[in-house]
Amino acid sequence: MDKNLLLQDVLSHLQTDLEQASLAALSAHEAATHEENVAENKYDTLGLEAAYLASGQARRVEELRQTLITWRQLRPRPFDIEQGIELGALVQLAAEDGHEQWLFLGPPGASMKLADQTIQVLGNTAPLGKLLLGKRPGDEISLPVGSRQQVFEVLAVT
């Protein structure tokens with residue numbers, strides 16, 4: 001699997017999310033400032049609610065912009081056994097039950113599935129992402145899930 005193509009796929013998904021969030025923010029702003037939403041009495045909160053929604057949508061747009069900027073700066077490199085897993089790595093994990101999965105490790109802010117739902121994009125600040133940093137094929141990691149530990153083995157890294 002080509003990590004640069006995966007990166008382009010992530011960027012495309014993030015750009016689409018940003019466009020959708022921008023439209024939602026614009027719509028929420030229009031609703032908040034529309035003359036029909038002016039409060040008629042102290043119990044009329046429609047305008048206030050629309051303003052809260054517009055504010056939240058605007059924050060979401062800014063978060064997506066920052067995520068997109070961060071992901072655009074990512075330059076996936078070939079795996080270096082001395083460095084271990086780092087940002088831009090494509091990692092194959094096996095769970096205790098034998099279930100295998102591929103993870104594309106990057107900066108925070110993008111969590112999605114790629115390539116027909118076979119590759120999970122994971123940020124380095126997620127609990128599993130933190131545990132993967134610096135690991136090598138053959139290493140095991142233990143992730144607390146509720147009251148038990150889920151153990152994974154790193155099978156391959158590219």
# chains A, B, ... in the order shown; residues from 1 in each chain; ligands from 1

call {"tool": "select_by_dssp", "arguments": {"residues": "chain A", "states": "alpha helix (DSSP H)", "output": "ChimeraX atom specification"}}
result
/A:3-33,46-72,127-132

call {"tool": "residues_around", "arguments": {"residues": "Glu19 in chain A", "least_positions_apart": "2", "cutoff": "12 Å", "atoms": "only C-alpha atoms", "output": "count of residues only"}}
result
19

call {"tool": "residues_around", "arguments": {"residues": "Gly88 in chain A", "least_positions_apart": "3", "cutoff": "12 Å", "atoms": "only C-alpha atoms", "output": "ChimeraX atom specification"}}
result
/A:2-7,10,71-80,84-85,91,103-108,121-124,129,132-133,157-158

call {"tool": "closest_residue", "arguments": {"among": "A:Leu114, A:His29, A:Ile81, A:Leu131", "to": "Gly56 in chain A", "atoms": "only C-alpha atoms"}}
result
A:His29

call {"tool": "closest_residue", "arguments": {"among": "A:Leu143, A:Tyr52, A:Ala95, A:Ala126", "to": "Thr33 in chain A", "atoms": "only C-alpha atoms"}}
result
A:Tyr52

call {"tool": "select_by_dssp", "arguments": {"residues": "chain A", "states": "strand (DSSP E)", "output": "PyMOL selection string"}}
result
chain A and resi 90-95+100-106+112-114+119-123+140-145+148-157

call {"tool": "write_last_selection", "arguments": {"atoms": "C-alpha atoms", "output": "PDB file, in the first residue's frame"}}
result
ATOM      1  CA  LEU A  90       1.337   2.047   8.154  1.00  0.00           C
ATOM      2  CA  VAL A  91       1.073  -0.595  10.875  1.00  0.00           C
ATOM      3  CA  GLN A  92      -0.394  -4.090  10.835  1.00  0.00           C
ATOM      4  CA  LEU A  93      -1.611  -5.277  14.247  1.00  0.00           C
ATOM      5  CA  ALA A  94      -2.935  -8.624  15.433  1.00  0.00           C
ATOM      6  CA  ALA A  95      -5.248  -8.895  18.426  1.00  0.00           C
ATOM      7  CA  GLU A 100      -5.661  -8.372  12.108  1.00  0.00           C
ATOM      8  CA  GLN A 101      -5.997  -4.713  11.204  1.00  0.00           C
ATOM      9  CA  TRP A 102      -4.056  -1.992   9.412  1.00  0.00           C
ATOM     10  CA  LEU A 103      -3.566   1.447  10.975  1.00  0.00           C
ATOM     11  CA  PHE A 104      -2.244   4.600   9.337  1.00  0.00           C
ATOM     12  CA  LEU A 105      -0.706   6.698  12.114  1.00  0.00           C
ATOM     13  CA  GLY A 106      -0.730  10.454  11.734  1.00  0.00           C
ATOM     14  CA  MET A 112     -11.626   7.547   9.604  1.00  0.00           C
ATOM     15  CA  LYS A 113     -11.479   4.343   7.616  1.00  0.00           C
ATOM     16  CA  LEU A 114      -9.835   4.241   4.187  1.00  0.00           C
ATOM     17  CA  ILE A 119      -7.307   0.851   6.966  1.00  0.00           C
ATOM     18  CA  GLN A 120      -8.082   2.805  10.130  1.00  0.00           C
ATOM     19  CA  VAL A 121      -6.581   6.293  10.340  1.00  0.00           C
ATOM     20  CA  LEU A 122      -5.409   7.007  13.855  1.00  0.00           C
ATOM     21  CA  GLY A 123      -3.928  10.100  15.486  1.00  0.00           C
ATOM     22  CA  GLU A 140       3.394  -6.252  21.973  1.00  0.00           C
ATOM     23  CA  ILE A 141       1.287  -3.454  23.363  1.00  0.00           C
ATOM     24  CA  SER A 142      -1.422  -3.597  25.989  1.00  0.00           C
ATOM     25  CA  LEU A 143      -4.351  -1.208  25.766  1.00  0.00           C
ATOM     26  CA  PRO A 144      -6.713  -0.807  28.740  1.00  0.00           C
ATOM     27  CA  VAL A 145     -10.310  -1.257  27.540  1.00  0.00           C
ATOM     28  CA  ARG A 148      -9.520  -5.496  30.980  1.00  0.00           C
ATOM     29  CA  GLN A 149      -6.378  -5.225  28.895  1.00  0.00           C
ATOM     30  CA  GLN A 150      -6.450  -5.764  25.138  1.00  0.00           C
ATOM     31  CA  VAL A 151      -3.123  -7.038  23.815  1.00  0.00           C
ATOM     32  CA  PHE A 152      -1.891  -6.438  20.257  1.00  0.00           C
ATOM     33  CA  GLU A 153       1.212  -7.606  18.444  1.00  0.00           C
ATOM     34  CA  VAL A 154       2.862  -5.405  15.824  1.00  0.00           C
ATOM     35  CA  LEU A 155       3.121  -7.677  12.785  1.00  0.00           C
ATOM     36  CA  ALA A 156       4.440  -5.313  10.128  1.00  0.00           C
ATOM     37  CA  VAL A 157       5.316  -1.656   9.606  1.00  0.00           C
TER      38      VAL A 157
END

call {"tool": "atom_distance", "arguments": {"atom1": "CA of Leu53 in chain A", "atom2": "CA of Ala28 in chain A"}}
result
6.3 Å

call {"tool": "atom_distance", "arguments": {"atom1": "CA of Ile69 in chain A", "atom2": "CA of Ala110 in chain A"}}
result
11.6 Å

call {"tool": "decode", "arguments": {"residues": "range 86-135 of chain A", "atoms": "N, CA and C atoms", "output": "PDB file, in the first residue's frame"}}
result
ATOM      1  N   GLU A  86       6.619   5.806  13.757  1.00  0.00           N
ATOM      2  CA  GLU A  86       6.474   7.257  13.891  1.00  0.00           C
ATOM      3  C   GLU A  86       5.334   7.715  12.999  1.00  0.00           C
ATOM      4  N   LEU A  87       5.057   9.015  13.019  1.00  0.00           N
ATOM      5  CA  LEU A  87       3.977   9.548  12.196  1.00  0.00           C
ATOM      6  C   LEU A  87       4.193   9.176  10.732  1.00  0.00           C
ATOM      7  N   GLY A  88       3.108   8.790  10.071  1.00  0.00           N
ATOM      8  CA  GLY A  88       3.183   8.399   8.678  1.00  0.00           C
ATOM      9  C   GLY A  88       3.386   6.909   8.488  1.00  0.00           C
ATOM     10  N   ALA A  89       3.465   6.158   9.577  1.00  0.00           N
ATOM     11  CA  ALA A  89       3.669   4.711   9.478  1.00  0.00           C
ATOM     12  C   ALA A  89       2.356   4.001   9.183  1.00  0.00           C
ATOM     13  N   LEU A  90       2.451   2.956   8.409  1.00  0.00           N
ATOM     14  CA  LEU A  90       1.337   2.047   8.154  1.00  0.00           C
ATOM     15  C   LEU A  90       1.651   0.772   8.932  1.00  0.00           C
ATOM     16  N   VAL A  91       0.782   0.455   9.898  1.00  0.00           N
ATOM     17  CA  VAL A  91       1.073  -0.595  10.875  1.00  0.00           C
ATOM     18  C   VAL A  91       0.032  -1.703  10.790  1.00  0.00           C
ATOM     19  N   GLN A  92       0.506  -2.940  10.772  1.00  0.00           N
ATOM     20  CA  GLN A  92      -0.394  -4.090  10.835  1.00  0.00           C
ATOM     21  C   GLN A  92      -0.335  -4.659  12.246  1.00  0.00           C
ATOM     22  N   LEU A  93      -1.509  -4.751  12.887  1.00  0.00           N
ATOM     23  CA  LEU A  93      -1.611  -5.277  14.247  1.00  0.00           C
ATOM     24  C   LEU A  93      -2.429  -6.561  14.253  1.00  0.00           C
ATOM     25  N   ALA A  94      -2.126  -7.428  15.199  1.00  0.00           N
ATOM     26  CA  ALA A  94      -2.935  -8.624  15.433  1.00  0.00           C
ATOM     27  C   ALA A  94      -3.391  -8.607  16.883  1.00  0.00           C
ATOM     28  N   ALA A  95      -4.694  -8.805  17.078  1.00  0.00           N
ATOM     29  CA  ALA A  95      -5.248  -8.895  18.426  1.00  0.00           C
ATOM     30  C   ALA A  95      -5.069 -10.314  18.944  1.00  0.00           C
ATOM     31  N   GLU A  96      -5.339 -10.491  20.234  1.00  0.00           N
ATOM     32  CA  GLU A  96      -5.207 -11.817  20.851  1.00  0.00           C
ATOM     33  C   GLU A  96      -6.081 -12.864  20.169  1.00  0.00           C
ATOM     34  N   ASP A  97      -7.236 -12.436  19.671  1.00  0.00           N
ATOM     35  CA  ASP A  97      -8.158 -13.378  19.027  1.00  0.00           C
ATOM     36  C   ASP A  97      -7.769 -13.689  17.580  1.00  0.00           C
ATOM     37  N   GLY A  98      -6.655 -13.114  17.127  1.00  0.00           N
ATOM     38  CA  GLY A  98      -6.184 -13.370  15.766  1.00  0.00           C
ATOM     39  C   GLY A  98      -6.655 -12.356  14.741  1.00  0.00           C
ATOM     40  N   HIS A  99      -7.562 -11.478  15.134  1.00  0.00           N
ATOM     41  CA  HIS A  99      -8.054 -10.444  14.218  1.00  0.00           C
ATOM     42  C   HIS A  99      -6.915  -9.493  13.867  1.00  0.00           C
ATOM     43  N   GLU A 100      -6.722  -9.276  12.564  1.00  0.00           N
ATOM     44  CA  GLU A 100      -5.661  -8.372  12.108  1.00  0.00           C
ATOM     45  C   GLU A 100      -6.264  -7.096  11.561  1.00  0.00           C
ATOM     46  N   GLN A 101      -5.538  -6.004  11.726  1.00  0.00           N
ATOM     47  CA  GLN A 101      -5.997  -4.713  11.204  1.00  0.00           C
ATOM     48  C   GLN A 101      -4.807  -3.862  10.796  1.00  0.00           C
ATOM     49  N   TRP A 102      -5.067  -2.946   9.864  1.00  0.00           N
ATOM     50  CA  TRP A 102      -4.056  -1.992   9.412  1.00  0.00           C
ATOM     51  C   TRP A 102      -4.404  -0.622   9.964  1.00  0.00           C
ATOM     52  N   LEU A 103      -3.402   0.095  10.455  1.00  0.00           N
ATOM     53  CA  LEU A 103      -3.566   1.447  10.975  1.00  0.00           C
ATOM     54  C   LEU A 103      -2.594   2.382  10.256  1.00  0.00           C
ATOM     55  N   PHE A 104      -3.088   3.554   9.906  1.00  0.00           N
ATOM     56  CA  PHE A 104      -2.244   4.600   9.337  1.00  0.00           C
ATOM     57  C   PHE A 104      -2.120   5.663  10.409  1.00  0.00           C
ATOM     58  N   LEU A 105      -0.929   5.810  10.977  1.00  0.00           N
ATOM     59  CA  LEU A 105      -0.706   6.698  12.114  1.00  0.00           C
ATOM     60  C   LEU A 105      -0.302   8.089  11.644  1.00  0.00           C
ATOM     61  N   GLY A 106      -1.020   9.083  12.125  1.00  0.00           N
ATOM     62  CA  GLY A 106      -0.730  10.454  11.734  1.00  0.00           C
ATOM     63  C   GLY A 106      -0.952  11.418  12.879  1.00  0.00           C
ATOM     64  N   PRO A 107      -0.991  12.710  12.552  1.00  0.00           N
ATOM     65  CA  PRO A 107      -1.251  13.721  13.581  1.00  0.00           C
ATOM     66  C   PRO A 107      -2.680  13.597  14.104  1.00  0.00           C
ATOM     67  N   PRO A 108      -2.983  14.253  15.207  1.00  0.00           N
ATOM     68  CA  PRO A 108      -4.340  14.183  15.749  1.00  0.00           C
ATOM     69  C   PRO A 108      -5.356  14.844  14.837  1.00  0.00           C
ATOM     70  N   GLY A 109      -6.612  14.484  15.039  1.00  0.00           N
ATOM     71  CA  GLY A 109      -7.707  15.178  14.373  1.00  0.00           C
ATOM     72  C   GLY A 109      -8.389  14.438  13.255  1.00  0.00           C
ATOM     73  N   ALA A 110      -7.810  13.377  12.761  1.00  0.00           N
ATOM     74  CA  ALA A 110      -8.446  12.634  11.674  1.00  0.00           C
ATOM     75  C   ALA A 110      -8.633  11.187  12.102  1.00  0.00           C
ATOM     76  N   SER A 111      -9.866  10.794  12.259  1.00  0.00           N
ATOM     77  CA  SER A 111     -10.179   9.411  12.561  1.00  0.00           C
ATOM     78  C   SER A 111     -11.185   8.957  11.523  1.00  0.00           C
ATOM     79  N   MET A 112     -10.766   8.018  10.691  1.00  0.00           N
ATOM     80  CA  MET A 112     -11.626   7.547   9.604  1.00  0.00           C
ATOM     81  C   MET A 112     -11.110   6.212   9.111  1.00  0.00           C
ATOM     82  N   LYS A 113     -11.910   5.578   8.277  1.00  0.00           N
ATOM     83  CA  LYS A 113     -11.479   4.343   7.616  1.00  0.00           C
ATOM     84  C   LYS A 113     -11.250   4.654   6.151  1.00  0.00           C
ATOM     85  N   LEU A 114     -10.212   4.033   5.582  1.00  0.00           N
ATOM     86  CA  LEU A 114      -9.835   4.241   4.187  1.00  0.00           C
ATOM     87  C   LEU A 114      -9.792   2.922   3.435  1.00  0.00           C
ATOM     88  N   ALA A 115      -9.647   3.034   2.127  1.00  0.00           N
ATOM     89  CA  ALA A 115      -9.426   1.886   1.241  1.00  0.00           C
ATOM     90  C   ALA A 115     -10.462   0.790   1.493  1.00  0.00           C
ATOM     91  N   ASP A 116     -11.713   1.152   1.190  1.00  0.00           N
ATOM     92  CA  ASP A 116     -12.815   0.196   1.371  1.00  0.00           C
ATOM     93  C   ASP A 116     -12.916  -0.317   2.793  1.00  0.00           C
ATOM     94  N   GLN A 117     -12.676   0.568   3.746  1.00  0.00           N
ATOM     95  CA  GLN A 117     -12.841   0.279   5.172  1.00  0.00           C
ATOM     96  C   GLN A 117     -11.826  -0.728   5.718  1.00  0.00           C
ATOM     97  N   THR A 118     -10.664  -0.856   5.087  1.00  0.00           N
ATOM     98  CA  THR A 118      -9.678  -1.814   5.575  1.00  0.00           C
ATOM     99  C   THR A 118      -8.535  -1.161   6.348  1.00  0.00           C
ATOM    100  N   ILE A 119      -8.395   0.154   6.264  1.00  0.00           N
ATOM    101  CA  ILE A 119      -7.307   0.851   6.966  1.00  0.00           C
ATOM    102  C   ILE A 119      -7.917   1.916   7.877  1.00  0.00           C
ATOM    103  N   GLN A 120      -7.606   1.829   9.151  1.00  0.00           N
ATOM    104  CA  GLN A 120      -8.082   2.805  10.130  1.00  0.00           C
ATOM    105  C   GLN A 120      -7.043   3.909  10.272  1.00  0.00           C
ATOM    106  N   VAL A 121      -7.464   5.147  10.116  1.00  0.00           N
ATOM    107  CA  VAL A 121      -6.581   6.293  10.340  1.00  0.00           C
ATOM    108  C   VAL A 121      -6.651   6.631  11.825  1.00  0.00           C
ATOM    109  N   LEU A 122      -5.487   6.815  12.415  1.00  0.00           N
ATOM    110  CA  LEU A 122      -5.409   7.007  13.855  1.00  0.00           C
ATOM    111  C   LEU A 122      -4.430   8.129  14.165  1.00  0.00           C
ATOM    112  N   GLY A 123      -4.809   9.019  15.072  1.00  0.00           N
ATOM    113  CA  GLY A 123      -3.928  10.100  15.486  1.00  0.00           C
ATOM    114  C   GLY A 123      -2.956   9.642  16.561  1.00  0.00           C
ATOM    115  N   ASN A 124      -1.828  10.307  16.638  1.00  0.00           N
ATOM    116  CA  ASN A 124      -0.795   9.921  17.604  1.00  0.00           C
ATOM    117  C   ASN A 124      -1.147  10.294  19.040  1.00  0.00           C
ATOM    118  N   THR A 125      -2.233  11.025  19.250  1.00  0.00           N
ATOM    119  CA  THR A 125      -2.637  11.355  20.612  1.00  0.00           C
ATOM    120  C   THR A 125      -3.729  10.412  21.124  1.00  0.00           C
ATOM    121  N   ALA A 126      -4.254   9.552  20.242  1.00  0.00           N
ATOM    122  CA  ALA A 126      -5.215   8.536  20.675  1.00  0.00           C
ATOM    123  C   ALA A 126      -4.470   7.528  21.555  1.00  0.00           C
ATOM    124  N   PRO A 127      -5.160   6.881  22.485  1.00  0.00           N
ATOM    125  CA  PRO A 127      -4.463   5.933  23.372  1.00  0.00           C
ATOM    126  C   PRO A 127      -3.658   4.876  22.611  1.00  0.00           C
ATOM    127  N   LEU A 128      -4.228   4.273  21.582  1.00  0.00           N
ATOM    128  CA  LEU A 128      -3.493   3.266  20.812  1.00  0.00           C
ATOM    129  C   LEU A 128      -2.353   3.909  20.032  1.00  0.00           C
ATOM    130  N   GLY A 129      -2.586   5.104  19.495  1.00  0.00           N
ATOM    131  CA  GLY A 129      -1.538   5.816  18.761  1.00  0.00           C
ATOM    132  C   GLY A 129      -0.327   6.104  19.631  1.00  0.00           C
ATOM    133  N   LYS A 130      -0.568   6.533  20.866  1.00  0.00           N
ATOM    134  CA  LYS A 130       0.532   6.805  21.803  1.00  0.00           C
ATOM    135  C   LYS A 130       1.345   5.550  22.078  1.00  0.00           C
ATOM    136  N   LEU A 131       0.637   4.430  22.253  1.00  0.00           N
ATOM    137  CA  LEU A 131       1.321   3.177  22.566  1.00  0.00           C
ATOM    138  C   LEU A 131       2.157   2.663  21.395  1.00  0.00           C
ATOM    139  N   LEU A 132       1.753   2.978  20.175  1.00  0.00           N
ATOM    140  CA  LEU A 132       2.462   2.477  18.998  1.00  0.00           C
ATOM    141  C   LEU A 132       3.787   3.197  18.735  1.00  0.00           C
ATOM    142  N   LEU A 133       3.866   4.462  19.115  1.00  0.00           N
ATOM    143  CA  LEU A 133       5.070   5.238  18.818  1.00  0.00           C
ATOM    144  C   LEU A 133       6.329   4.557  19.351  1.00  0.00           C
ATOM    145  N   GLY A 134       7.309   4.376  18.464  1.00  0.00           N
ATOM    146  CA  GLY A 134       8.582   3.784  18.834  1.00  0.00           C
ATOM    147  C   GLY A 134       8.621   2.264  18.804  1.00  0.00           C
ATOM    148  N   LYS A 135       7.474   1.617  18.603  1.00  0.00           N
ATOM    149  CA  LYS A 135       7.442   0.143  18.581  1.00  0.00           C
ATOM    150  C   LYS A 135       7.947  -0.386  17.241  1.00  0.00           C
TER     151      LYS A 135
END
